[in-house]
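Data block for input01.cif (mmCIF, C-alpha atoms (C1' of nucleotides)):
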data_data
#
loop_
_atom_site.label_atom_id
_atom_site.label_comp_id
_atom_site.auth_asym_id
_atom_site.auth_seq_id
_atom_site.Cartn_x
_atom_site.Cartn_y
_atom_site.Cartn_z
CA MET G 1323 0.00 0.00 0.00
CA ILE G 1324 2.80 2.34 0.91
CA ALA G 1325 5.88 2.31 -1.25
CA VAL G 1326 8.83 4.66 -1.28
CA ASP G 1327 11.64 5.32 -3.71
CA LEU G 1328 14.85 5.08 -1.73
CA SER G 1329 16.84 6.47 -4.65
CA SER G 1330 14.68 9.57 -4.87
CA ARG G 1331 16.03 12.84 -3.56
CA VAL G 1332 12.76 13.55 -1.81
CA PRO G 1333 13.13 12.35 1.79
CA ILE G 1334 11.60 9.02 2.78
CA TYR G 1335 9.60 10.46 5.64
CA ARG G 1336 8.09 13.02 3.28
CA GLN G 1337 7.12 10.36 0.76
CA VAL G 1338 5.35 8.50 3.54
CA VAL G 1339 3.52 11.65 4.63
CA GLU G 1340 2.39 12.40 1.09
CA ARG G 1341 1.27 8.86 0.40
CA VAL G 1342 -0.71 8.42 3.62
CA THR G 1343 -2.35 11.80 3.13
CA GLU G 1344 -3.32 10.80 -0.38
CA LEU G 1345 -4.81 7.50 0.76
CA VAL G 1346 -6.86 9.25 3.42
CA LEU G 1347 -8.13 12.04 1.19
CA LEU G 1348 -9.02 9.58 -1.55
CA GLY G 1349 -11.09 7.64 0.95
CA VAL G 1350 -9.07 4.46 0.46
CA TRP G 1351 -8.34 4.53 4.16
CA PRO G 1352 -11.56 5.59 5.93
CA GLU G 1353 -11.73 7.04 9.41
CA GLY G 1354 -10.53 4.66 12.06
CA THR G 1355 -8.31 2.61 9.79
CA GLN G 1356 -5.28 1.44 11.72
CA LEU G 1357 -1.96 2.25 10.15
CA PRO G 1358 0.92 -0.21 10.19
CA SER G 1359 2.99 0.17 13.33
CA VAL G 1360 6.10 2.29 13.28
CA ARG G 1361 8.32 -0.75 13.55
CA SER G 1362 6.51 -2.95 11.06
CA LEU G 1363 6.38 -0.29 8.36
CA ALA G 1364 10.05 0.47 8.91
CA LEU G 1365 10.83 -3.20 8.45
CA GLU G 1366 8.67 -3.41 5.34
CA LEU G 1367 10.24 -0.36 3.72
CA GLY G 1368 13.74 -1.24 4.81
CA THR G 1369 14.21 1.95 6.76
CA ASN G 1370 14.79 2.97 10.34
CA PRO G 1371 11.80 3.14 12.73
CA ASN G 1372 12.71 6.72 13.60
CA THR G 1373 12.18 7.75 9.99
CA ILE G 1374 8.65 6.38 10.09
CA GLN G 1375 8.02 7.95 13.45
CA LYS G 1376 8.99 11.30 12.03
CA ALA G 1377 6.45 10.83 9.25
CA TYR G 1378 3.72 9.79 11.70
CA GLN G 1379 4.44 12.76 13.93
CA GLU G 1380 4.01 15.12 11.02
CA LEU G 1381 0.81 13.37 9.97
CA GLU G 1382 -0.56 13.76 13.48
CA SER G 1383 0.39 17.43 13.65
CA ARG G 1384 -1.46 17.92 10.38
CA GLY G 1385 -4.54 16.23 11.77
CA VAL G 1386 -4.47 13.34 9.34
CA ILE G 1387 -3.96 10.62 11.94
CA ARG G 1388 -4.19 10.13 15.69
CA SER G 1389 -1.60 8.15 17.58
CA ALA G 1390 -1.58 6.71 21.08
CA ALA G 1391 1.11 4.71 22.79
CA GLY G 1392 0.07 1.12 23.21
CA ARG G 1393 -2.88 1.37 20.85
CA GLY G 1394 -1.43 2.42 17.54
CA SER G 1395 -2.04 5.04 14.85
CA PHE G 1396 -5.43 5.55 13.26
CA VAL G 1397 -6.87 7.65 10.47
CA ALA G 1398 -8.53 10.71 11.97
CA GLY G 1399 -11.08 11.01 9.20
CA ARG G 1400 -11.22 12.55 5.78
CA GLU G 1401 -12.98 15.68 6.92
CA ALA G 1402 -10.51 16.37 9.71
CA ALA G 1403 -7.62 15.93 7.31
CA GLN G 1404 -9.24 18.20 4.77
CA GLY G 1405 -9.86 20.86 7.36
CA MET G 1406 -6.22 21.00 8.30
CA LEU G 1407 -4.83 20.73 4.79
CA ARG G 1408 -7.25 22.85 2.88
CA GLY G 1409 -5.85 26.19 3.88
CA GLN G 1410 -2.33 25.48 2.82
CA ALA G 1411 -3.44 23.71 -0.34
CA GLU G 1412 -5.51 26.71 -1.30
CA GLY G 1413 -2.59 29.04 -0.70
CA ALA G 1414 -0.28 26.89 -2.78
CA PHE G 1415 -2.85 26.77 -5.55
CA ARG G 1416 -3.14 30.54 -5.59
CA GLU G 1417 0.62 30.98 -5.76
CA ALA G 1418 0.92 28.45 -8.56
CA ALA G 1419 -1.82 30.26 -10.46
CA LYS G 1420 -0.01 33.57 -10.10
CA LYS G 1421 3.22 32.15 -11.42
CA ALA G 1422 1.47 30.44 -14.30
CA ALA G 1423 -0.27 33.70 -15.19
CA LEU G 1424 3.05 35.53 -15.16
CA ALA G 1425 4.53 32.84 -17.38
CA GLY G 1426 1.84 33.46 -19.95
CA LEU G 1427 -0.82 30.88 -19.17
CA SER G 1428 -4.16 32.28 -20.25
CA ARG G 1429 -7.28 32.30 -18.15
CA GLY G 1430 -8.94 29.94 -20.60
CA GLU G 1431 -6.11 27.47 -20.46
CA ALA G 1432 -6.16 27.55 -16.69
CA MET G 1433 -9.87 26.82 -16.68
CA ALA G 1434 -9.31 23.93 -19.05
CA ILE G 1435 -6.94 22.45 -16.52
CA LEU G 1436 -9.53 22.89 -13.79
CA ASP G 1437 -11.96 20.98 -15.99
CA GLU G 1438 -9.57 18.06 -16.14
CA VAL G 1439 -8.85 18.06 -12.44
CA TRP G 1440 -12.44 18.44 -11.29
CA GLU G 1441 -13.95 16.29 -14.00
CA GLY G 1442 -17.07 14.49 -12.91
CA GLU G 1443 -17.20 16.38 -9.65
CA ASP G 1444 -19.36 19.21 -8.40
CA LYS G 1445 -20.13 21.75 -11.07
CA VAL G 1446 -20.84 24.52 -8.58
CA MET Q 695 15.43 46.90 -7.45
CA ILE Q 696 16.56 43.58 -6.16
CA ALA Q 697 16.33 42.96 -2.46
CA VAL Q 698 16.79 39.76 -0.51
CA ASP Q 699 16.00 38.67 3.01
CA LEU Q 700 19.19 37.25 4.44
CA SER Q 701 17.38 35.92 7.48
CA SER Q 702 14.94 33.95 5.38
CA ARG Q 703 15.42 30.20 5.07
CA VAL Q 704 14.83 30.39 1.34
CA PRO Q 705 18.29 30.55 -0.27
CA ILE Q 706 19.62 33.89 -1.44
CA TYR Q 707 20.30 32.68 -4.96
CA ARG Q 708 16.74 31.48 -5.26
CA GLN Q 709 15.34 34.79 -4.09
CA VAL Q 710 17.41 36.47 -6.78
CA VAL Q 711 16.15 34.06 -9.44
CA GLU Q 712 12.54 34.62 -8.43
CA ARG Q 713 12.87 38.38 -8.31
CA VAL Q 714 14.65 38.76 -11.65
CA THR Q 715 12.16 36.42 -13.32
CA GLU Q 716 9.34 38.49 -11.90
CA LEU Q 717 10.84 41.75 -13.16
CA VAL Q 718 11.30 40.32 -16.63
CA LEU Q 719 7.85 38.77 -16.88
CA LEU Q 720 6.22 41.94 -15.60
CA GLY Q 721 7.99 43.89 -18.31
CA VAL Q 722 9.83 46.12 -15.86
CA TRP Q 723 13.08 44.92 -17.38
CA PRO Q 724 12.55 44.77 -21.16
CA GLU Q 725 14.64 42.72 -23.54
CA GLY Q 726 18.26 43.80 -23.66
CA THR Q 727 18.30 45.33 -20.21
CA GLN Q 728 21.71 44.83 -18.65
CA LEU Q 729 21.68 43.24 -15.24
CA PRO Q 730 24.01 44.39 -12.49
CA SER Q 731 27.31 42.56 -12.65
CA VAL Q 732 27.88 39.51 -10.50
CA ARG Q 733 30.31 41.37 -8.30
CA SER Q 734 28.37 44.61 -7.96
CA LEU Q 735 25.14 42.88 -7.04
CA ALA Q 736 26.98 40.69 -4.57
CA LEU Q 737 28.45 43.80 -2.98
CA GLU Q 738 25.08 45.50 -2.88
CA LEU Q 739 23.34 42.54 -1.28
CA GLY Q 740 26.21 41.75 1.05
CA THR Q 741 26.73 38.26 -0.31
CA ASN Q 742 29.40 36.33 -2.14
CA PRO Q 743 29.76 36.81 -5.91
CA ASN Q 744 29.42 33.07 -6.41
CA THR Q 745 25.97 33.14 -4.88
CA ILE Q 746 24.92 35.67 -7.49
CA GLN Q 747 26.61 33.69 -10.22
CA LYS Q 748 24.64 30.63 -9.26
CA ALA Q 749 21.46 32.65 -9.60
CA TYR Q 750 22.51 34.03 -12.98
CA GLN Q 751 23.43 30.55 -14.22
CA GLU Q 752 20.01 29.26 -13.34
CA LEU Q 753 18.38 32.26 -14.99
CA GLU Q 754 20.37 31.59 -18.15
CA SER Q 755 19.50 27.89 -18.16
CA ARG Q 756 15.86 28.91 -17.89
CA GLY Q 757 16.18 31.25 -20.85
CA VAL Q 758 15.45 34.39 -18.88
CA ILE Q 759 18.84 36.04 -19.42
CA ARG Q 760 21.91 35.68 -21.61
CA SER Q 761 25.39 36.03 -20.19
CA ALA Q 762 28.78 36.44 -21.84
CA ALA Q 763 32.17 36.81 -20.20
CA GLY Q 764 33.46 40.32 -20.59
CA ARG Q 765 30.16 41.75 -21.78
CA GLY Q 766 27.72 41.12 -18.97
CA SER Q 767 24.25 39.64 -18.46
CA PHE Q 768 21.22 40.82 -20.39
CA VAL Q 769 17.51 40.13 -20.35
CA ALA Q 770 16.70 37.64 -23.10
CA GLY Q 771 13.19 38.98 -23.64
CA ARG Q 772 9.83 38.44 -22.07
CA GLU Q 773 8.64 36.04 -24.75
CA ALA Q 774 11.73 33.85 -24.51
CA ALA Q 775 11.38 33.69 -20.75
CA GLN Q 776 7.72 32.84 -20.99
CA GLY Q 777 8.41 30.11 -23.49
CA MET Q 778 10.85 28.40 -21.20
CA LEU Q 779 8.92 28.90 -18.00
CA ARG Q 780 5.42 28.26 -19.18
CA GLY Q 781 5.67 24.51 -19.37
CA GLN Q 782 6.92 24.04 -15.86
CA ALA Q 783 4.58 26.67 -14.48
CA GLU Q 784 1.64 24.89 -16.09
CA GLY Q 785 2.72 21.57 -14.64
CA ALA Q 786 3.10 23.06 -11.18
CA PHE Q 787 -0.31 24.67 -11.50
CA ARG Q 788 -1.92 21.36 -12.42
CA GLU Q 789 -0.29 19.59 -9.48
CA ALA Q 790 -1.36 22.31 -7.08
CA ALA Q 791 -4.91 22.06 -8.42
CA LYS Q 792 -4.96 18.31 -7.86
CA LYS Q 793 -3.81 18.65 -4.28
CA ALA Q 794 -6.29 21.43 -3.60
CA ALA Q 795 -9.07 19.30 -5.04
CA LEU Q 796 -8.06 16.39 -2.81
CA ALA Q 797 -8.03 18.72 0.18
CA GLY Q 798 -11.62 19.65 -0.50
CA LEU Q 799 -11.39 22.83 -2.53
CA SER Q 800 -14.45 23.01 -4.76
CA ARG Q 801 -14.41 23.74 -8.44
CA GLY Q 802 -16.27 26.98 -7.81
CA GLU Q 803 -13.80 28.13 -5.21
CA ALA Q 804 -10.93 27.35 -7.54
CA MET Q 805 -12.54 29.40 -10.30
CA ALA Q 806 -13.01 32.27 -7.87
CA ILE Q 807 -9.28 32.23 -7.26
CA LEU Q 808 -8.65 32.29 -10.98
CA ASP Q 809 -10.87 35.35 -11.18
CA GLU Q 810 -8.69 37.13 -8.67
CA VAL Q 811 -5.44 36.16 -10.33
CA TRP Q 812 -6.52 36.93 -13.88
CA GLU Q 813 -8.59 39.97 -13.01
CA GLY Q 814 -8.67 42.55 -15.76
CA GLU Q 815 -6.87 40.27 -18.16
CA ASP Q 816 -8.01 38.27 -21.14
CA LYS Q 817 -11.44 36.79 -20.62
CA VAL Q 818 -10.85 34.05 -23.17
"C1'" DC W 1289 2.69 -10.11 32.55
"C1'" DA W 1290 4.24 -10.80 27.92
"C1'" DA W 1291 4.01 -8.65 23.74
"C1'" DC W 1292 2.75 -5.46 21.36
"C1'" DT W 1293 1.97 -0.23 20.63
"C1'" DG W 1294 3.97 4.96 20.38
"C1'" DT W 1295 7.47 8.22 22.37
"C1'" DA W 1296 11.81 10.39 23.91
"C1'" DT W 1297 16.73 10.94 23.94
"C1'" DT W 1298 21.21 11.11 22.28
"C1'" DA W 1299 24.60 10.35 19.05
"C1'" DT W 1300 26.50 10.00 14.62
"C1'" DA W 1301 26.94 9.30 9.83
"C1'" DA W 1302 25.87 10.78 5.31
"C1'" DT W 1303 24.30 13.68 2.10
"C1'" DT W 1304 23.06 17.81 0.16
"C1'" DA W 1305 22.65 22.81 -0.12
"C1'" DC W 1306 24.78 26.90 0.35
"C1'" DT W 1307 28.32 30.16 0.69
"C1'" DA W 1308 33.07 31.56 0.22
"C1'" DG W 1309 37.86 32.24 -1.64
"C1'" DT W 1310 40.81 32.20 -5.37
"C1'" DA W 1311 42.22 31.93 -9.91
"C1'" DC W 1312 41.24 31.97 -14.82
"C1'" DA W 1313 39.22 33.75 -19.20
"C1'" DG W 1314 36.66 36.88 -22.41
"C1'" DT W 1315 35.47 41.78 -23.82
"C1'" DT W 1316 35.95 46.50 -24.27
"C1'" DG W 1317 37.14 51.38 -24.09
"C1'" DG W 1318 40.71 54.61 -23.64
"C1'" DC M 1240 47.83 47.20 -26.08
"C1'" DC M 1241 46.29 47.00 -21.58
"C1'" DA M 1242 43.80 48.24 -17.55
"C1'" DA M 1243 39.45 47.46 -15.84
"C1'" DC M 1244 35.72 45.59 -16.20
"C1'" DT M 1245 32.79 41.31 -17.39
"C1'" DG M 1246 31.43 36.06 -16.58
"C1'" DT M 1247 33.32 31.35 -15.39
"C1'" DA M 1248 35.68 27.30 -13.15
"C1'" DC M 1249 37.58 25.04 -9.40
"C1'" DT M 1250 38.13 23.98 -4.78
"C1'" DA M 1251 36.95 24.13 -0.21
"C1'" DG M 1252 34.57 25.05 4.01
"C1'" DT M 1253 30.23 25.59 6.47
"C1'" DA M 1254 25.56 24.77 7.56
"C1'" DA M 1255 21.34 22.39 7.30
"C1'" DT M 1256 18.84 18.43 6.39
"C1'" DT M 1257 18.11 13.71 6.45
"C1'" DA M 1258 18.67 9.12 7.87
"C1'" DT M 1259 20.35 5.84 10.92
"C1'" DA M 1260 21.35 3.65 15.31
"C1'" DA M 1261 20.94 2.17 20.02
"C1'" DT M 1262 18.47 2.56 24.07
"C1'" DA M 1263 15.14 3.53 27.28
"C1'" DC M 1264 10.58 4.74 28.69
"C1'" DA M 1265 5.51 4.51 28.71
"C1'" DG M 1266 0.77 3.10 27.49
"C1'" DT M 1267 -2.53 -0.73 26.07
"C1'" DT M 1268 -4.22 -5.20 25.58
"C1'" DG M 1269 -5.15 -10.15 25.44
#
Let's see the structure in the file written out as structure tokens.
Amino acid sequence: MIAVDLSSRVPIYRQVVERVTELVLLGVWPEGTQLPSVRSLALELGTNPNTIQKAYQELESRGVIRSAAGRGSFVAGREAAQGMLRGQAEGAFREAAKKAALAGLSRGEAMAILDEVWEGEDKV
Amino acid sequence: MIAVDLSSRVPIYRQVVERVTELVLLGVWPEGTQLPSVRSLALELGTNPNTIQKAYQELESRGVIRSAAGRGSFVAGREAAQGMLRGQAEGAFREAAKKAALAGLSRGEAMAILDEVWEGEDKV
DNA sequence: CAACTGTATTATAATTACTAGTACAGTTGG
DNA sequence: CCAACTGTACTAGTAATTATAATACAGTTG
């Protein structure tokens, strides 16, 4: 379910954060789903447990998961994750739009991209 | 014209790249404009000449400026810069849109942001 | 209570990113 | 032609990030 590219220059712990976040937001891992333990995932990925712990800590600080010693780590719910992530995602989107506009992307082309991304979703 | 925040954790050379690109794309520095020399800008910003050179090298590889030993560095033209930057800017915009969509941003909200960014521009 | 969970601490290695110093090379105007 | 400017190359040192490692501690559960 979770795979990382050890040869990539993007840090392992960050790949884990991104992947888990994606799985939660996509609904693949619904609220309450228990994540693999720090040690077991480290073993599976061939990394150090501390690397996984760092990823889990960041996921918890972002509100994506909840962890408790002795019990494990569990998905906090799609809505909770969205609430925490939405603000920064919106800011990043706005900045990317500004840069694209400066680089010559037209309003129409930008909207075409939105059509692709939000295809089949709410047409509000 | 060019100012950097030395206390920022974003590298100096990157701040220079971003700022020069912005000036060129905005048309403040038209094609043929000579940039400050590596050494003079380094002196002005209180940094090492090599830091500025690194910025200029990246700007040249992106097609924003042209440099020649003995002559100096000159703006390559807004169109040239756009041509080189547009592809990557579009890709970054698409990725940011995907993440924002995952995080719960609605299509309508995204379009509202586009309205802000492209306000007063082409309504194509 | 044994066996699992997460957490904290400290240390260190490894890598990369960044900045710096010095020397070299091309161009140009006086 | 040459002094004074330009960019460039090379090397090195510094800082920050990342990953690893070895323990130890603490909470939960069957």
TODO: Write out as a count of residues only every residue belonging to chain M that has an atom at most 9 Å from any atom of chain G, counting only C-alpha atoms (C1' of nucleotides).
DONE: 8
- [ ] Select, from Q:Val711, Q:Leu729, Q:Ala790, Q:Met695, the residue with the minimum atom-to-atom distance to Q:Ser755, counting only C-alpha atoms.
- [x] Q:Val711
- [ ] Tell me, as an NGL selection string, which residues lie within 12 Å of Q:Gly721, counting only C-alpha atoms (C1' of nucleotides); anything in the same chain fewer than 2 positions away does not count.
- [x] (:G and (1424-1425)) or (:Q and (714-719 or 723-727 or 769-773 or 775-776))
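From atom CA of Q:Trp812 back to atom CA of G:Arg1429, the distance works out to 6.3 Å.
Across the chains present, the PyMOL selection byres ((chain Q) within 7 of (chain G)) applied to this file returns Leu719, Gln776, Leu779, Arg780, Ala783, Glu784, Ala786, Phe787, Arg788, Ala790, Ala791, Lys792, Lys793, Ala794, Leu796, Ala797, Gly798, Leu799, Arg801, Gly802, Ile807, Val811, Trp812, Asp816, Lys817 and Val818 of chain Q.
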Proximity of chain W to chain G: per-residue shortest pair, 8 Å limit, only C-alpha atoms (C1' of nucleotides), as a tab-separated table:
residue	atom	partner	partner_atom	distance
W:DC1292	C1'	G:Gly1392	CA	7.3
W:DT1293	C1'	G:Gly1392	CA	3.5
W:DG1294	C1'	G:Ala1391	CA	3.7
W:DT1295	C1'	G:Ala1391	CA	7.3
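Atom C1' of M:DC1264 to atom CA of G:Gln1379 spans 17.9 Å [interatomic distance, one decimal].
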TODO: Please write as an MDAnalysis selection string the full residue list that the PyMOL selection byres ((chain W and resi 1318) around 12) yields on this file.
DONE: (chainID W and resid 1316:1317) or (chainID M and resid 1240:1243)
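Take the candidates G:Ile1324, G:Leu1365, G:Ala1402, G:Ile1374 and check each one against G:Ile1387 using only C-alpha atoms; the shortest distance goes to G:Ala1402.
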TODO: Name the residues captured by the PyMOL selection byres ((chain M and resi 1251-1256) around 10) when it is applied to the shown file; answer as a count of residues only.
DONE: 12
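With atom C1' of W:DA1311 on one side and atom CA of Q:Ala697 on the other, the separation reads 29.1 Å.
If you count all atoms listed in the file and draw a sphere of 10 Å around (2.0, -10.3, 30.3), the protein and nucleic acid residues inside it come out as DC1289, DA1290 and DA1291 of chain W; DT1268 and DG1269 of chain M.
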